[in-house]
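Here is the file query_10.cif (mmCIF, C-alpha atoms, pLDDT in the B column; chains and numbers go by the auth columns).
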data_work
#
loop_
_atom_site.group_PDB
_atom_site.id
_atom_site.type_symbol
_atom_site.label_atom_id
_atom_site.label_comp_id
_atom_site.label_asym_id
_atom_site.label_seq_id
_atom_site.Cartn_x
_atom_site.Cartn_y
_atom_site.Cartn_z
_atom_site.B_iso_or_equiv
_atom_site.auth_seq_id
_atom_site.auth_asym_id
ATOM 1 C CA MET A 1 -18.484 32.573 -4.007 46.00 245 F
ATOM 2 C CA THR A 2 -21.054 32.202 -1.235 50.00 246 F
ATOM 3 C CA TYR A 3 -23.201 29.153 -0.650 58.00 247 F
ATOM 4 C CA LYS A 4 -26.591 29.918 0.803 68.00 248 F
ATOM 5 C CA MET A 5 -28.651 27.061 2.229 82.00 249 F
ATOM 6 C CA THR A 6 -32.196 27.337 0.898 88.00 250 F
ATOM 7 C CA LEU A 7 -35.247 25.079 0.892 90.00 251 F
ATOM 8 C CA ALA A 8 -34.429 24.131 -2.703 89.00 252 F
ATOM 9 C CA ASN A 9 -30.887 23.139 -1.695 89.00 253 F
ATOM 10 C CA VAL A 10 -32.165 21.104 1.272 91.00 254 F
ATOM 11 C CA ILE A 11 -34.490 19.201 -1.088 93.00 255 F
ATOM 12 C CA THR A 12 -31.577 18.580 -3.466 92.00 256 F
ATOM 13 C CA ILE A 13 -29.416 17.283 -0.609 93.00 257 F
ATOM 14 C CA GLY A 14 -32.318 15.033 0.425 94.00 258 F
ATOM 15 C CA ARG A 15 -32.328 13.624 -3.101 95.00 259 F
ATOM 16 C CA ILE A 16 -28.614 12.870 -2.802 96.00 260 F
ATOM 17 C CA VAL A 17 -29.234 11.100 0.535 97.00 261 F
ATOM 18 C CA LEU A 18 -31.867 8.897 -1.137 97.00 262 F
ATOM 19 C CA VAL A 19 -29.304 7.537 -3.640 97.00 263 F
ATOM 20 C CA PRO A 20 -27.493 5.086 -1.315 97.00 264 F
ATOM 21 C CA ILE A 21 -30.794 4.047 0.279 97.00 265 F
ATOM 22 C CA PHE A 22 -32.192 3.269 -3.165 97.00 266 F
ATOM 23 C CA LEU A 23 -29.058 1.356 -4.108 96.00 267 F
ATOM 24 C CA VAL A 24 -28.968 -0.786 -0.958 97.00 268 F
ATOM 25 C CA ILE A 25 -32.632 -1.722 -1.297 97.00 269 F
ATOM 26 C CA LEU A 26 -32.391 -2.612 -4.993 97.00 270 F
ATOM 27 C CA LEU A 27 -29.354 -4.813 -4.400 97.00 271 F
ATOM 28 C CA THR A 28 -30.696 -6.713 -1.375 95.00 272 F
ATOM 29 C CA GLU A 29 -32.634 -9.950 -1.372 92.00 273 F
ATOM 30 C CA MET A 30 -35.713 -8.485 0.327 92.00 274 F
ATOM 31 C CA GLU A 31 -39.174 -9.237 -0.970 94.00 275 F
ATOM 32 C CA ASN A 32 -40.567 -6.604 -3.350 95.00 276 F
ATOM 33 C CA LYS A 33 -37.242 -4.781 -3.435 96.00 277 F
ATOM 34 C CA GLU A 34 -37.976 -3.620 -6.996 97.00 278 F
ATOM 35 C CA ILE A 35 -41.217 -1.909 -5.957 97.00 279 F
ATOM 36 C CA ILE A 36 -39.602 -0.213 -2.944 97.00 280 F
ATOM 37 C CA ALA A 37 -36.526 0.832 -4.957 97.00 281 F
ATOM 38 C CA PHE A 38 -38.778 2.108 -7.757 97.00 282 F
ATOM 39 C CA LEU A 39 -40.770 4.232 -5.277 97.00 283 F
ATOM 40 C CA ILE A 40 -37.577 5.712 -3.817 97.00 284 F
ATOM 41 C CA PHE A 41 -36.260 6.342 -7.337 97.00 285 F
ATOM 42 C CA LEU A 42 -39.582 7.988 -8.237 96.00 286 F
ATOM 43 C CA VAL A 43 -39.516 10.235 -5.148 96.00 287 F
ATOM 44 C CA ALA A 44 -35.912 11.213 -5.842 95.00 288 F
ATOM 45 C CA SER A 45 -36.754 11.939 -9.483 94.00 289 F
ATOM 46 C CA VAL A 46 -39.834 14.011 -8.660 93.00 290 F
ATOM 47 C CA THR A 47 -37.943 16.085 -6.090 92.00 291 F
ATOM 48 C CA ASP A 48 -35.781 17.281 -8.993 86.00 292 F
ATOM 49 C CA ALA A 49 -38.782 19.226 -10.262 87.00 293 F
ATOM 50 C CA VAL A 50 -39.784 20.262 -6.728 90.00 294 F
ATOM 51 C CA ASP A 51 -36.419 21.817 -5.854 88.00 295 F
ATOM 52 C CA GLY A 52 -36.392 23.664 -9.186 84.00 296 F
ATOM 53 C CA TYR A 53 -39.906 24.946 -8.544 86.00 297 F
ATOM 54 C CA PHE A 54 -38.981 26.302 -5.104 86.00 298 F
ATOM 55 C CA ALA A 55 -35.743 27.798 -6.392 85.00 299 F
ATOM 56 C CA ARG A 56 -37.560 29.750 -9.119 85.00 300 F
ATOM 57 C CA LYS A 57 -40.753 30.615 -7.206 89.00 301 F
ATOM 58 C CA TYR A 58 -38.954 31.945 -4.126 87.00 302 F
ATOM 59 C CA ASN A 59 -35.931 33.333 -5.955 87.00 303 F
ATOM 60 C CA GLN A 60 -33.649 30.786 -4.249 83.00 304 F
ATOM 61 C CA ILE A 61 -31.378 30.067 -7.208 82.00 305 F
ATOM 62 C CA THR A 62 -27.871 29.752 -5.751 81.00 306 F
ATOM 63 C CA GLU A 63 -24.436 28.733 -6.973 77.00 307 F
ATOM 64 C CA LEU A 64 -24.617 25.727 -4.659 81.00 308 F
ATOM 65 C CA GLY A 65 -27.950 24.712 -6.166 82.00 309 F
ATOM 66 C CA LYS A 66 -26.641 25.154 -9.711 79.00 310 F
ATOM 67 C CA PHE A 67 -23.901 22.666 -8.884 79.00 311 F
ATOM 68 C CA LEU A 68 -25.765 20.229 -6.598 86.00 312 F
ATOM 69 C CA ASP A 69 -28.942 19.842 -8.661 86.00 313 F
ATOM 70 C CA PRO A 70 -27.332 18.334 -11.775 84.00 314 F
ATOM 71 C CA LEU A 71 -24.904 16.406 -9.556 87.00 315 F
ATOM 72 C CA ALA A 72 -27.845 14.822 -7.715 92.00 316 F
ATOM 73 C CA ASP A 73 -29.351 13.770 -11.064 89.00 317 F
ATOM 74 C CA LYS A 74 -26.066 12.236 -12.151 90.00 318 F
ATOM 75 C CA LEU A 75 -25.572 10.370 -8.861 94.00 319 F
ATOM 76 C CA LEU A 76 -29.086 8.915 -9.029 95.00 320 F
ATOM 77 C CA VAL A 77 -28.808 7.868 -12.673 95.00 321 F
ATOM 78 C CA THR A 78 -25.282 6.480 -12.222 96.00 322 F
ATOM 79 C CA ALA A 79 -26.211 4.447 -9.137 97.00 323 F
ATOM 80 C CA ALA A 80 -29.305 3.068 -10.858 97.00 324 F
ATOM 81 C CA LEU A 81 -27.420 2.150 -14.024 98.00 325 F
ATOM 82 C CA LEU A 82 -24.645 0.399 -12.098 97.00 326 F
ATOM 83 C CA ALA A 83 -27.230 -1.595 -10.152 97.00 327 F
ATOM 84 C CA LEU A 84 -29.113 -2.485 -13.339 98.00 328 F
ATOM 85 C CA VAL A 85 -25.884 -3.683 -14.970 98.00 329 F
ATOM 86 C CA TYR A 86 -25.155 -5.776 -11.888 97.00 330 F
ATOM 87 C CA LEU A 87 -28.672 -7.243 -12.049 97.00 331 F
ATOM 88 C CA GLU A 88 -28.109 -7.882 -15.783 96.00 332 F
ATOM 89 C CA TYR A 89 -31.058 -5.731 -16.867 97.00 333 F
ATOM 90 C CA VAL A 90 -28.841 -3.275 -18.789 98.00 334 F
ATOM 91 C CA ASP A 91 -25.819 -3.846 -21.016 97.00 335 F
ATOM 92 C CA ALA A 92 -22.588 -2.510 -19.531 97.00 336 F
ATOM 93 C CA TRP A 93 -21.743 -0.483 -22.650 98.00 337 F
ATOM 94 C CA VAL A 94 -25.005 1.490 -22.334 97.00 338 F
ATOM 95 C CA ALA A 95 -24.261 2.381 -18.722 97.00 339 F
ATOM 96 C CA ALA A 96 -20.631 3.194 -19.591 97.00 340 F
ATOM 97 C CA VAL A 97 -21.601 5.661 -22.335 97.00 341 F
ATOM 98 C CA ILE A 98 -24.077 7.468 -20.090 96.00 342 F
ATOM 99 C CA ILE A 99 -21.853 7.481 -17.005 96.00 343 F
ATOM 100 C CA LEU A 100 -18.719 8.627 -18.869 95.00 344 F
ATOM 101 C CA ARG A 101 -20.643 11.501 -20.455 92.00 345 F
ATOM 102 C CA GLU A 102 -22.005 12.496 -17.057 88.00 346 F
ATOM 103 C CA ILE A 103 -18.516 12.479 -15.502 90.00 347 F
ATOM 104 C CA PHE A 104 -17.104 14.515 -18.384 88.00 348 F
ATOM 105 C CA ILE A 105 -19.887 17.117 -18.335 83.00 349 F
ATOM 106 C CA THR A 106 -19.695 17.404 -14.527 80.00 350 F
ATOM 107 C CA GLY A 107 -15.976 18.192 -14.867 82.00 351 F
ATOM 108 C CA PHE A 108 -16.756 20.620 -17.678 76.00 352 F
ATOM 109 C CA ARG A 109 -19.441 22.305 -15.535 72.00 353 F
ATOM 110 C CA PHE A 110 -17.076 22.529 -12.550 74.00 354 F
ATOM 111 C CA TYR A 111 -14.375 24.127 -14.734 75.00 355 F
ATOM 112 C CA TYR A 112 -16.777 26.837 -15.869 70.00 356 F
ATOM 113 C CA MET A 113 -18.112 27.415 -12.352 69.00 357 F
ATOM 114 C CA VAL A 114 -14.561 27.882 -11.024 72.00 358 F
ATOM 115 C CA LYS A 115 -14.037 30.457 -13.771 70.00 359 F
ATOM 116 C CA ASP A 116 -17.235 32.214 -12.588 65.00 360 F
ATOM 117 C CA SER A 117 -18.939 31.429 -15.886 65.00 361 F
ATOM 118 C CA ASP A 118 -22.556 30.404 -16.148 63.00 362 F
ATOM 119 C CA PHE A 119 -23.064 26.758 -17.093 61.00 363 F
ATOM 120 C CA SER A 120 -26.816 26.356 -17.088 66.00 364 F
ATOM 121 C CA THR A 121 -28.483 23.057 -17.818 69.00 365 F
ATOM 122 C CA SER A 122 -29.777 23.069 -21.381 73.00 366 F
ATOM 123 C CA TRP A 123 -33.318 22.229 -22.398 80.00 367 F
ATOM 124 C CA LEU A 124 -32.017 19.157 -24.234 86.00 368 F
ATOM 125 C CA ALA A 125 -30.089 17.959 -21.156 81.00 369 F
ATOM 126 C CA LYS A 126 -33.258 18.240 -19.068 84.00 370 F
ATOM 127 C CA LYS A 127 -35.147 16.143 -21.624 92.00 371 F
ATOM 128 C CA LYS A 128 -32.244 13.656 -21.656 92.00 372 F
ATOM 129 C CA THR A 129 -32.502 13.272 -17.887 90.00 373 F
ATOM 130 C CA PHE A 130 -36.278 12.786 -18.116 94.00 374 F
ATOM 131 C CA VAL A 131 -35.887 10.055 -20.766 96.00 375 F
ATOM 132 C CA GLN A 132 -33.169 8.366 -18.686 96.00 376 F
ATOM 133 C CA VAL A 133 -35.409 8.410 -15.601 95.00 377 F
ATOM 134 C CA VAL A 134 -38.391 6.928 -17.467 97.00 378 F
ATOM 135 C CA ALA A 135 -36.249 4.148 -18.949 98.00 379 F
ATOM 136 C CA ILE A 136 -34.522 3.366 -15.661 98.00 380 F
ATOM 137 C CA GLY A 137 -37.811 3.401 -13.755 98.00 381 F
ATOM 138 C CA LEU A 138 -39.300 0.835 -16.149 98.00 382 F
ATOM 139 C CA LEU A 139 -36.194 -1.334 -15.930 98.00 383 F
ATOM 140 C CA ILE A 140 -36.193 -1.230 -12.120 98.00 384 F
ATOM 141 C CA VAL A 141 -39.823 -2.252 -11.737 98.00 385 F
ATOM 142 C CA HIS A 142 -40.203 -4.625 -14.695 97.00 386 F
ATOM 143 C CA PRO A 143 -39.727 -7.892 -12.740 96.00 387 F
ATOM 144 C CA LYS A 144 -42.750 -7.091 -10.566 96.00 388 F
ATOM 145 C CA VAL A 145 -45.293 -5.943 -13.135 95.00 389 F
ATOM 146 C CA PRO A 146 -47.515 -7.794 -15.608 96.00 390 F
ATOM 147 C CA HIS A 147 -45.966 -8.342 -19.039 97.00 391 F
ATOM 148 C CA SER A 148 -42.515 -8.102 -17.488 96.00 392 F
ATOM 149 C CA HIS A 149 -40.585 -8.886 -20.669 97.00 393 F
ATOM 150 C CA LEU A 150 -42.528 -6.294 -22.685 98.00 394 F
ATOM 151 C CA ILE A 151 -41.874 -3.638 -20.027 98.00 395 F
ATOM 152 C CA TRP A 152 -38.167 -4.569 -20.081 98.00 396 F
ATOM 153 C CA GLU A 153 -38.106 -4.230 -23.901 98.00 397 F
ATOM 154 C CA ILE A 154 -39.842 -0.845 -23.778 98.00 398 F
ATOM 155 C CA GLY A 155 -37.481 0.352 -21.043 98.00 399 F
ATOM 156 C CA THR A 156 -34.482 -0.832 -23.057 98.00 400 F
ATOM 157 C CA ILE A 157 -35.635 0.939 -26.233 98.00 401 F
ATOM 158 C CA ILE A 158 -36.221 4.151 -24.279 98.00 402 F
ATOM 159 C CA LEU A 159 -32.774 3.761 -22.695 98.00 403 F
ATOM 160 C CA TYR A 160 -31.179 3.452 -26.156 98.00 404 F
ATOM 161 C CA PHE A 161 -32.908 6.700 -27.096 97.00 405 F
ATOM 162 C CA ALA A 162 -31.517 8.182 -23.861 97.00 406 F
ATOM 163 C CA VAL A 163 -28.018 7.115 -24.971 97.00 407 F
ATOM 164 C CA PHE A 164 -28.508 9.080 -28.180 96.00 408 F
ATOM 165 C CA LEU A 165 -29.732 12.156 -26.262 95.00 409 F
ATOM 166 C CA THR A 166 -26.883 11.748 -23.782 94.00 410 F
ATOM 167 C CA ILE A 167 -24.244 11.859 -26.496 94.00 411 F
ATOM 168 C CA TYR A 168 -25.986 14.598 -28.460 92.00 412 F
ATOM 169 C CA SER A 169 -26.468 16.886 -25.441 88.00 413 F
ATOM 170 C CA GLY A 170 -22.855 16.295 -24.366 87.00 414 F
ATOM 171 C CA VAL A 171 -21.587 17.341 -27.797 89.00 415 F
ATOM 172 C CA GLU A 172 -23.943 20.333 -27.680 87.00 416 F
ATOM 173 C CA TYR A 173 -22.432 21.472 -24.350 80.00 417 F
ATOM 174 C CA VAL A 174 -18.852 21.106 -25.575 81.00 418 F
ATOM 175 C CA MET A 175 -19.555 23.026 -28.775 84.00 419 F
ATOM 176 C CA LYS A 176 -21.518 25.778 -27.037 79.00 420 F
ATOM 177 C CA TYR A 177 -19.076 26.396 -24.203 73.00 421 F
ATOM 178 C CA SER A 178 -15.935 25.932 -26.276 73.00 422 F
ATOM 179 C CA ARG A 179 -17.323 28.470 -28.745 71.00 423 F
ATOM 180 C CA SER A 180 -18.190 30.934 -25.942 63.00 424 F
ATOM 181 C CA LYS A 181 -14.665 30.610 -24.484 56.00 425 F
ATOM 182 C CA THR A 182 -13.133 31.224 -27.916 50.00 426 F
ATOM 183 C CA LEU A 183 -15.322 34.307 -28.420 45.00 427 F
ATOM 184 C CA LYS A 184 -14.287 35.715 -25.007 53.00 428 F
ATOM 185 C CA GLU A 185 -10.601 35.292 -25.851 51.00 429 F
ATOM 186 C CA GLN A 186 -10.931 37.329 -29.091 46.00 430 F
#

Translate this file's structure into structure tokens.
Amino acid sequence: MTYKMTLANVITIGRIVLVPIFLVILLTEMENKEIIAFLIFLVASVTDAVDGYFARKYNQITELGKFLDPLADKLLVTAALLALVYLEYVDAWVAAVIILREIFITGFRFYYMVKDSDFSTSWLAKKKTFVQVVAIGLLIVHPKVPHSHLIWEIGTIILYFAVFLTIYSGVEYVMKYSRSKTLKEQ
């Protein structure tokens, strides 16, 4: 398996580098940390679409990109959820469900990649990530916007919907890839 460094992969790696920066800023005592952290989170989230665009437009889809892109999403979401639990904006059980699913599916994806099987991100998983990002973004910025409590409630409701999508898409992956493995063995 060869790993080619492309513009899309560089953008993905940049997104991974933004994760600890985002985390440090959100957890400091600096003024307007929520706004700055939200902007970093937004940039990191938008670059997910940008790296995918470049990968498809310039035929730069690589094995490295197939692994790093979803990993970058999971690192960003996990870091944000852990920070939001620490700040007491999100219940720990919500973060635990999402993070445990992400760890499990990452292991599942790695297993299939090692076996040289395709493990593409499903349409539902992409929507799940989008819903997670919207919810997390609202929860990050809510202390600094008008109607703070309403924004927190909206973000929390959207996050609960993300929990549902997270579980559902995880089950979908397991069923799809377990079924494909069983069919190959017959």

Set out as a Markdown table a contact list for segment 265-307 of chain F and segment 324-334 of chain F with a cut-off of 9 Å, giving each residue of segment 265-307 of chain F that qualifies its closest atom pair and distance in Å to one decimal, counting all atoms listed in the file, ordered by chain and rising residue number.
| residue | atom | partner | partner_atom | distance |
| --- | --- | --- | --- | --- |
| F:Phe266 | CA | F:Ala324 | CA | 8.2 |
| F:Leu267 | CA | F:Ala324 | CA | 7.0 |
| F:Leu270 | CA | F:Ala327 | CA | 7.4 |
| F:Leu271 | CA | F:Ala327 | CA | 6.9 |
| F:Phe285 | CA | F:Ala324 | CA | 8.5 |

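The shortest atom-to-atom distance to Ile347 of chain F, with all atoms listed in the file taken into account, belongs to F:Leu315 out of F:Leu383, F:Ile269, F:Val378, F:Leu315.
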
Pull out every residue that the PyMOL selection byres ((chain F and resi 312) around 12) matches in the shown coordinates and put them as a ChimeraX atom specification. /F:247,249,252-260,292,295-296,305-311,313-319,350,353-354,357,365

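Taking only C-alpha atoms into account, Lys388 of chain F lies nearest to F:Ile280 out of the set F:Ile280, F:Val375, F:Val294, F:Val341.
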
Could you list, as a list of chain:residue names, every residue within 10 Å of Ile342 of chain F, counting only C-alpha atoms and ignoring same-chain residues fewer than 2 positions away? F:Lys318, F:Val321, F:Thr322, F:Leu325, F:Trp337, F:Val338, F:Ala339, F:Ala340, F:Leu344, F:Arg345, F:Glu346, F:Ile347, F:Gln376, F:Leu403, F:Ala406, F:Val407, F:Phe408, F:Leu409, F:Thr410, F:Ile411, F:Gly414

Taken to one decimal, the atom CA of Val261 of chain F-atom CA of Ile279 of chain F distance is 18.8 Å

Would you list the contacts of Leu394 of chain F as a PyMOL selection string, taking every protein, DNA or RNA residue within 12 Å and counting only C-alpha atoms, but skipping same-chain residues closer than 5 positions in sequence? chain F and resi 382-383+385-387+389+399-401

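Going from atom CA of Ala379 of chain F to atom CA of Thr291 of chain F covers 17.6 Å.
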
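Minimum distance to Ser289 of chain F across F:Leu262, F:Ile349, F:Ile398, F:Val358 (counting only C-alpha atoms) occurs at F:Leu262.
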
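Residue nearest Ala323 of chain F within the list F:Val263, F:Val290, F:Met274, F:Leu368: F:Val263 [criterion: smallest interatomic distance, only C-alpha atoms].
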
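Note that the spacing between atom CA of Gln304 of chain F and atom CA of Thr250 of chain F amounts to 6.4 Å.
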
Taking all atoms of segment 344-347 of chain F that appear in the file, build a box with edges along x, y and z, extend it by 5 Å on every side, and state its centre and edge lengths in Å to one decimal, as AutoDock Vina command-line options.
--center_x -20.3 --center_y 10.6 --center_z -18.0 --size_x 13.5 --size_y 13.9 --size_z 15.0

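Nearest residue to Tyr421 of chain F among F:Phe374, F:Ile380, F:Pro390, F:Tyr356 is F:Tyr356, counting all atoms listed in the file.
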